[in-house]
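File shown here: start_4.cif, holding mmCIF, C-alpha atoms.
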```cif
data_query
loop_
_atom_site.group_PDB
_atom_site.id
_atom_site.type_symbol
_atom_site.label_atom_id
_atom_site.label_comp_id
_atom_site.auth_asym_id
_atom_site.auth_seq_id
_atom_site.Cartn_x
_atom_site.Cartn_y
_atom_site.Cartn_z
ATOM 1 C CA MET T 29 -8.793 6.550 18.251
ATOM 2 C CA ALA T 30 -12.072 4.945 19.276
ATOM 3 C CA LEU T 31 -12.139 1.938 21.561
ATOM 4 C CA ASN T 32 -12.168 -1.265 19.487
ATOM 5 C CA ALA T 33 -11.431 0.682 16.303
ATOM 6 C CA LYS T 34 -11.412 -1.247 13.050
ATOM 7 C CA ILE T 35 -8.431 -0.075 10.998
ATOM 8 C CA GLY T 36 -7.299 -1.057 7.533
ATOM 9 C CA ILE T 37 -3.628 -1.113 6.567
ATOM 10 C CA LEU T 38 -2.568 -0.852 2.928
ATOM 11 C CA GLY T 39 1.154 -1.301 2.411
ATOM 12 C CA GLY T 40 3.193 -0.862 -0.734
ATOM 13 C CA THR T 41 5.852 1.176 -2.459
ATOM 14 C CA PHE T 42 3.293 3.580 -3.978
ATOM 15 C CA ASP T 43 5.822 4.395 -6.679
ATOM 16 C CA PRO T 44 3.727 6.184 -7.898
ATOM 17 C CA PRO T 45 0.386 5.941 -6.083
ATOM 18 C CA HIS T 46 -2.490 5.459 -8.547
ATOM 19 C CA HIS T 47 -6.267 5.208 -8.720
ATOM 20 C CA ALA T 48 -6.322 1.434 -8.178
ATOM 21 C CA HIS T 49 -4.640 1.947 -4.766
ATOM 22 C CA LEU T 50 -7.308 4.478 -3.821
ATOM 23 C CA ILE T 51 -10.219 2.362 -5.046
ATOM 24 C CA ILE T 52 -8.921 -0.710 -3.202
ATOM 25 C CA ALA T 53 -8.567 1.309 0.019
ATOM 26 C CA ASN T 54 -11.995 2.886 -0.296
ATOM 27 C CA GLU T 55 -13.775 -0.356 -1.197
ATOM 28 C CA ALA T 56 -12.097 -2.197 1.688
ATOM 29 C CA ARG T 57 -13.088 0.584 4.099
ATOM 30 C CA ILE T 58 -16.719 0.433 3.004
ATOM 31 C CA LYS T 59 -17.072 -3.356 2.699
ATOM 32 C CA LEU T 60 -15.307 -4.117 5.989
ATOM 33 C CA GLY T 61 -16.789 -1.215 7.950
ATOM 34 C CA LEU T 62 -13.356 0.222 8.753
ATOM 35 C CA GLU T 63 -12.980 3.542 10.527
ATOM 36 C CA LYS T 64 -9.905 4.462 8.537
ATOM 37 C CA ILE T 65 -7.242 3.203 6.172
ATOM 38 C CA ILE T 66 -3.587 3.717 7.006
ATOM 39 C CA PHE T 67 -1.313 3.754 3.972
ATOM 40 C CA LEU T 68 2.002 2.182 4.939
ATOM 41 C CA PRO T 69 4.680 3.002 2.368
ATOM 42 C CA ASN T 70 7.720 0.730 2.574
ATOM 43 C CA ALA T 71 11.282 1.834 2.200
ATOM 44 C CA ILE T 72 12.962 1.260 -1.128
ATOM 45 C CA PRO T 73 16.414 -0.285 -0.912
ATOM 46 C CA PRO T 74 19.167 2.188 -1.906
ATOM 47 C CA HIS T 75 20.205 0.107 -4.962
ATOM 48 C CA LYS T 76 16.774 0.687 -6.530
ATOM 49 C CA GLN T 77 17.356 4.448 -6.711
ATOM 50 C CA GLU T 78 19.659 3.748 -9.624
ATOM 51 C CA SER T 79 16.833 2.180 -11.619
ATOM 52 C CA GLY T 80 14.813 5.387 -11.822
ATOM 53 C CA LEU T 81 12.452 4.916 -8.899
ATOM 54 C CA ALA T 82 11.337 7.924 -6.868
ATOM 55 C CA SER T 83 12.952 8.801 -3.546
ATOM 56 C CA ASN T 84 11.187 8.104 -0.262
ATOM 57 C CA ALA T 85 10.476 11.840 0.094
ATOM 58 C CA ASP T 86 8.916 12.024 -3.387
ATOM 59 C CA ARG T 87 6.800 8.902 -2.817
ATOM 60 C CA LEU T 88 5.587 10.274 0.508
ATOM 61 C CA GLN T 89 4.692 13.607 -1.068
ATOM 62 C CA MET T 90 2.828 11.928 -3.971
ATOM 63 C CA LEU T 91 0.931 9.687 -1.552
ATOM 64 C CA ASP T 92 0.000 12.700 0.558
ATOM 65 C CA LEU T 93 -1.310 14.479 -2.556
ATOM 66 C CA ALA T 94 -3.268 11.376 -3.598
ATOM 67 C CA ILE T 95 -5.115 10.922 -0.277
ATOM 68 C CA LYS T 96 -5.338 14.457 1.137
ATOM 69 C CA ASP T 97 -9.013 14.961 0.280
ATOM 70 C CA ASN T 98 -10.200 11.749 1.956
ATOM 71 C CA PRO T 99 -10.791 12.133 5.729
ATOM 72 C CA TYR T 100 -10.682 8.331 6.164
ATOM 73 C CA PHE T 101 -7.164 7.984 4.749
ATOM 74 C CA GLU T 102 -3.865 8.681 6.499
ATOM 75 C CA ILE T 103 -0.178 7.817 6.119
ATOM 76 C CA ASP T 104 2.150 6.085 8.575
ATOM 77 C CA ASP T 105 5.756 6.452 7.395
ATOM 78 C CA ARG T 106 7.455 4.360 10.107
ATOM 79 C CA GLU T 107 8.750 1.767 7.629
ATOM 80 C CA MET T 108 10.442 4.499 5.591
ATOM 81 C CA LYS T 109 12.225 5.738 8.695
ATOM 82 C CA ARG T 110 13.378 2.312 9.846
ATOM 83 C CA THR T 111 16.981 1.400 9.155
ATOM 84 C CA GLY T 112 17.825 -2.041 7.853
ATOM 85 C CA LYS T 113 15.185 -4.456 6.622
ATOM 86 C CA SER T 114 11.607 -3.534 7.380
ATOM 87 C CA TYR T 115 9.182 -6.366 7.976
ATOM 88 C CA THR T 116 5.396 -6.175 8.219
ATOM 89 C CA TYR T 117 5.599 -8.379 11.313
ATOM 90 C CA ASP T 118 7.737 -5.812 13.178
ATOM 91 C CA THR T 119 5.465 -2.958 12.111
ATOM 92 C CA MET T 120 2.270 -4.700 13.145
ATOM 93 C CA LEU T 121 3.832 -5.759 16.458
ATOM 94 C CA GLU T 122 4.496 -2.051 17.123
ATOM 95 C CA MET T 123 1.037 -0.940 15.984
ATOM 96 C CA THR T 124 -0.824 -3.556 18.027
ATOM 97 C CA LYS T 125 1.109 -2.420 21.130
ATOM 98 C CA GLU T 126 0.359 1.253 20.372
ATOM 99 C CA PHE T 127 -3.345 0.542 19.798
ATOM 100 C CA PRO T 128 -4.138 -2.572 21.853
ATOM 101 C CA ASN T 129 -7.912 -2.245 21.357
ATOM 102 C CA ALA T 130 -7.758 -1.855 17.572
ATOM 103 C CA ALA T 131 -8.584 -4.634 15.134
ATOM 104 C CA PHE T 132 -6.264 -4.403 12.123
ATOM 105 C CA SER T 133 -7.173 -5.589 8.637
ATOM 106 C CA PHE T 134 -4.082 -5.854 6.451
ATOM 107 C CA ILE T 135 -5.164 -5.422 2.820
ATOM 108 C CA ILE T 136 -3.166 -7.237 0.145
ATOM 109 C CA GLY T 137 -3.592 -7.934 -3.557
ATOM 110 C CA GLY T 138 -3.866 -11.362 -5.130
ATOM 111 C CA ASP T 139 -0.151 -11.343 -5.949
ATOM 112 C CA MET T 140 0.718 -10.970 -2.253
ATOM 113 C CA VAL T 141 -1.914 -13.524 -1.178
ATOM 114 C CA GLU T 142 -0.014 -16.172 -3.129
ATOM 115 C CA TYR T 143 3.287 -14.963 -1.634
ATOM 116 C CA LEU T 144 2.090 -15.076 2.029
ATOM 117 C CA PRO T 145 3.870 -18.357 2.892
ATOM 118 C CA LYS T 146 7.193 -16.541 2.280
ATOM 119 C CA TRP T 147 6.428 -13.554 4.543
ATOM 120 C CA TYR T 148 8.685 -13.033 7.554
ATOM 121 C CA HIS T 149 7.136 -14.620 10.694
ATOM 122 C CA ILE T 150 3.877 -15.214 8.837
ATOM 123 C CA ASN T 151 2.546 -17.653 11.452
ATOM 124 C CA GLU T 152 2.892 -14.980 14.156
ATOM 125 C CA LEU T 153 1.730 -12.156 11.884
ATOM 126 C CA ILE T 154 -1.506 -13.937 10.988
ATOM 127 C CA LYS T 155 -2.382 -13.789 14.725
ATOM 128 C CA LEU T 156 -1.874 -10.000 14.835
ATOM 129 C CA VAL T 157 -3.937 -8.988 11.804
ATOM 130 C CA ASN T 158 -6.870 -10.082 9.723
ATOM 131 C CA PHE T 159 -5.507 -10.474 6.203
ATOM 132 C CA VAL T 160 -7.857 -9.216 3.525
ATOM 133 C CA GLY T 161 -7.200 -10.432 -0.006
ATOM 134 C CA VAL T 162 -8.314 -8.234 -2.878
ATOM 135 C CA ASN T 163 -8.887 -9.690 -6.323
ATOM 136 C CA ARG T 164 -6.217 -8.696 -8.826
ATOM 137 C CA PRO T 165 -6.062 -9.524 -12.539
ATOM 138 C CA HIS T 166 -3.782 -12.471 -13.438
ATOM 139 C CA TYR T 167 -3.697 -13.917 -9.876
ATOM 140 C CA ASP T 168 -5.961 -16.571 -8.405
ATOM 141 C CA GLY T 169 -5.235 -15.709 -4.757
ATOM 142 C CA ASN T 170 -4.588 -19.254 -3.521
ATOM 143 C CA THR T 171 -3.065 -19.488 -0.054
ATOM 144 C CA PRO T 172 -2.952 -22.001 2.801
ATOM 145 C CA TYR T 173 -3.878 -19.203 5.226
ATOM 146 C CA ASP T 174 -7.329 -18.186 6.357
ATOM 147 C CA ILE T 175 -7.883 -14.761 4.829
ATOM 148 C CA GLU T 176 -10.956 -12.669 4.201
ATOM 149 C CA GLU T 177 -11.600 -11.953 0.525
ATOM 150 C CA ILE T 178 -13.269 -8.908 -0.966
ATOM 151 C CA GLN T 179 -14.044 -8.048 -4.549
ATOM 152 C CA VAL T 180 -13.191 -4.639 -5.964
ATOM 153 C CA PRO T 181 -13.642 -3.361 -9.515
ATOM 154 C CA ALA T 182 -10.906 -4.961 -11.614
ATOM 155 C CA MET T 183 -8.306 -2.393 -12.630
ATOM 156 C CA ASP T 184 -5.203 -3.653 -14.367
ATOM 157 C CA ILE T 185 -3.044 -0.700 -13.267
ATOM 158 C CA SER T 186 0.307 -1.088 -11.574
ATOM 159 C CA SER T 187 3.012 1.345 -10.563
ATOM 160 C CA SER T 188 5.473 -0.522 -12.812
ATOM 161 C CA LEU T 189 3.140 -0.021 -15.802
ATOM 162 C CA LEU T 190 3.002 3.699 -15.058
ATOM 163 C CA ARG T 191 6.787 3.952 -14.751
ATOM 164 C CA GLU T 192 7.142 2.155 -18.102
ATOM 165 C CA ARG T 193 4.704 4.588 -19.718
ATOM 166 C CA LEU T 194 6.608 7.571 -18.334
ATOM 167 C CA VAL T 195 9.969 6.226 -19.523
ATOM 168 C CA ALA T 196 8.417 5.740 -22.973
ATOM 169 C CA GLY T 197 7.159 9.338 -22.947
ATOM 170 C CA LEU T 198 3.492 8.295 -22.705
ATOM 171 C CA PRO T 199 1.040 10.219 -20.509
ATOM 172 C CA ILE T 200 -0.387 8.778 -17.304
ATOM 173 C CA ASP T 201 -3.327 11.165 -17.087
ATOM 174 C CA TYR T 202 -6.404 9.487 -15.550
ATOM 175 C CA TYR T 203 -4.251 6.675 -14.106
ATOM 176 C CA VAL T 204 -3.217 8.819 -11.134
ATOM 177 C CA PRO T 205 -4.827 11.755 -9.311
ATOM 178 C CA GLU T 206 -4.226 15.040 -11.131
ATOM 179 C CA GLN T 207 -2.037 16.433 -8.327
ATOM 180 C CA VAL T 208 0.202 13.343 -8.500
ATOM 181 C CA SER T 209 0.565 13.732 -12.265
ATOM 182 C CA LYS T 210 1.527 17.394 -11.824
ATOM 183 C CA TYR T 211 4.068 16.497 -9.131
ATOM 184 C CA ILE T 212 5.670 13.851 -11.357
ATOM 185 C CA LYS T 213 5.968 16.334 -14.243
ATOM 186 C CA GLU T 214 7.260 19.198 -12.074
ATOM 187 C CA HIS T 215 9.909 17.013 -10.435
ATOM 188 C CA HIS T 216 10.847 15.105 -13.612
ATOM 189 C CA LEU T 217 10.316 11.730 -11.930
ATOM 190 C CA TYR T 218 10.746 8.419 -13.740
ATOM 191 C CA GLU T 219 12.365 9.991 -16.803
#
```
Give the structure from this file in structure tokens form.
Amino acid sequence: MALNAKIGILGGTFDPPHHAHLIIANEARIKLGLEKIIFLPNAIPPHKQESGLASNADRLQMLDLAIKDNPYFEIDDREMKRTGKSYTYDTMLEMTKEFPNAAFSFIIGGDMVEYLPKWYHINELIKLVNFVGVNRPHYDGNTPYDIEEIQVPAMDISSSLLRERLVAGLPIDYYVPEQVSKYIKEHHLYE
């Protein structure tokens, strides 16, 4: 990694990953002049498996399929491997120690911008990363914290919407990369 690298972090469940995730990552990379975007999938608590969500292995595989053609995108699966609760603060503490010369931009949607005051150790975390708020339909993005805001094309797509469509037997073509759609069908996910 280059000295003083500018790195974007995009966390989420990616259950499933969709085009809005990819557009947000790409727009943030371009607008902020980032060298790369690290997708940081979080672990799903075991009780959620019962509600039809994909396993960690399936989510990781779908995310890999979604980003594999973009040389600026990579995955860091440390939060999936962590036992117990996984907090962004702990992850970013690790990453800033691993890459002391990197400047991290943590990209979050408008829904998370409003939720920032409830984040674990937020006052310490805000010193480790530059939070970047991305516009998201239905959220105004108000927060008491100093965050950088960027505008991306508005796409009202969410993983929960896609799961609902799949449960209802509706297609998700064009919402997700073709390889992700094929993987979901082949592995009978979200049925």
For Tyr218 in chain T: contacts at 10 Å, all atoms listed in the file, fewer than 4 positions along chain excluded, given as a compact mmCIF listing (two decimals) with C-alpha atoms, in the frame of the given file:
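Saved as result.txt:
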```txt
# COMPACT_ATOMS: atom_id res chain seq x y z
CA ASP T 43 5.82 4.39 -6.68
CA PRO T 44 3.73 6.18 -7.90
CA SER T 79 16.83 2.18 -11.62
CA GLY T 80 14.81 5.39 -11.82
CA LEU T 81 12.45 4.92 -8.90
CA ALA T 82 11.34 7.92 -6.87
CA LEU T 190 3.00 3.70 -15.06
CA ARG T 191 6.79 3.95 -14.75
CA GLU T 192 7.14 2.15 -18.10
CA ARG T 193 4.70 4.59 -19.72
CA LEU T 194 6.61 7.57 -18.33
CA VAL T 195 9.97 6.23 -19.52
CA ALA T 196 8.42 5.74 -22.97
CA GLY T 197 7.16 9.34 -22.95
CA ILE T 212 5.67 13.85 -11.36
CA LYS T 213 5.97 16.33 -14.24
```
Selection result for the PyMOL selection byres ((chain T and resi 40) around 6) on this file, as a ChimeraX atom specification: /T:39,41-42,69-70
Would you kindly translate the PyMOL selection byres ((chain T and resi 161) around 6) into the concrete residues it picks from this file, as a ChimeraX atom specification? /T:136-137,160,162,177
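Here the question is which of T:Tyr148, T:Ile51, T:Leu156, T:Lys64 gets nearest to Pro128 in chain T using only C-alpha atoms, and that residue is T:Leu156.
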Just the residues within 6 Å of Ala130 in chain T, please, counting all atoms listed in the file, with nothing from its chain fewer than 2 positions along; format it as an MDAnalysis selection string. chainID T and resid 32:34 127:128
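Take the PyMOL selection byres ((chain T and resi 35) around 6) and apply it to this file: it picks Lys34, Gly36, Leu62, Glu63, Lys64, Ile65 and Phe132 of chain T.
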Emit the selected residues as a short mmCIF file (atom, residue, chain, number, x, y, z; two decimals), in the coordinates of the input, including C-alpha atoms.
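What ended up in selection-v3.cif:
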```cif
data_model
loop_
_atom_site.label_atom_id
_atom_site.label_comp_id
_atom_site.auth_asym_id
_atom_site.auth_seq_id
_atom_site.Cartn_x
_atom_site.Cartn_y
_atom_site.Cartn_z
CA LYS T 34 -11.41 -1.25 13.05
CA GLY T 36 -7.30 -1.06 7.53
CA LEU T 62 -13.36 0.22 8.75
CA GLU T 63 -12.98 3.54 10.53
CA LYS T 64 -9.90 4.46 8.54
CA ILE T 65 -7.24 3.20 6.17
CA PHE T 132 -6.26 -4.40 12.12
#
```
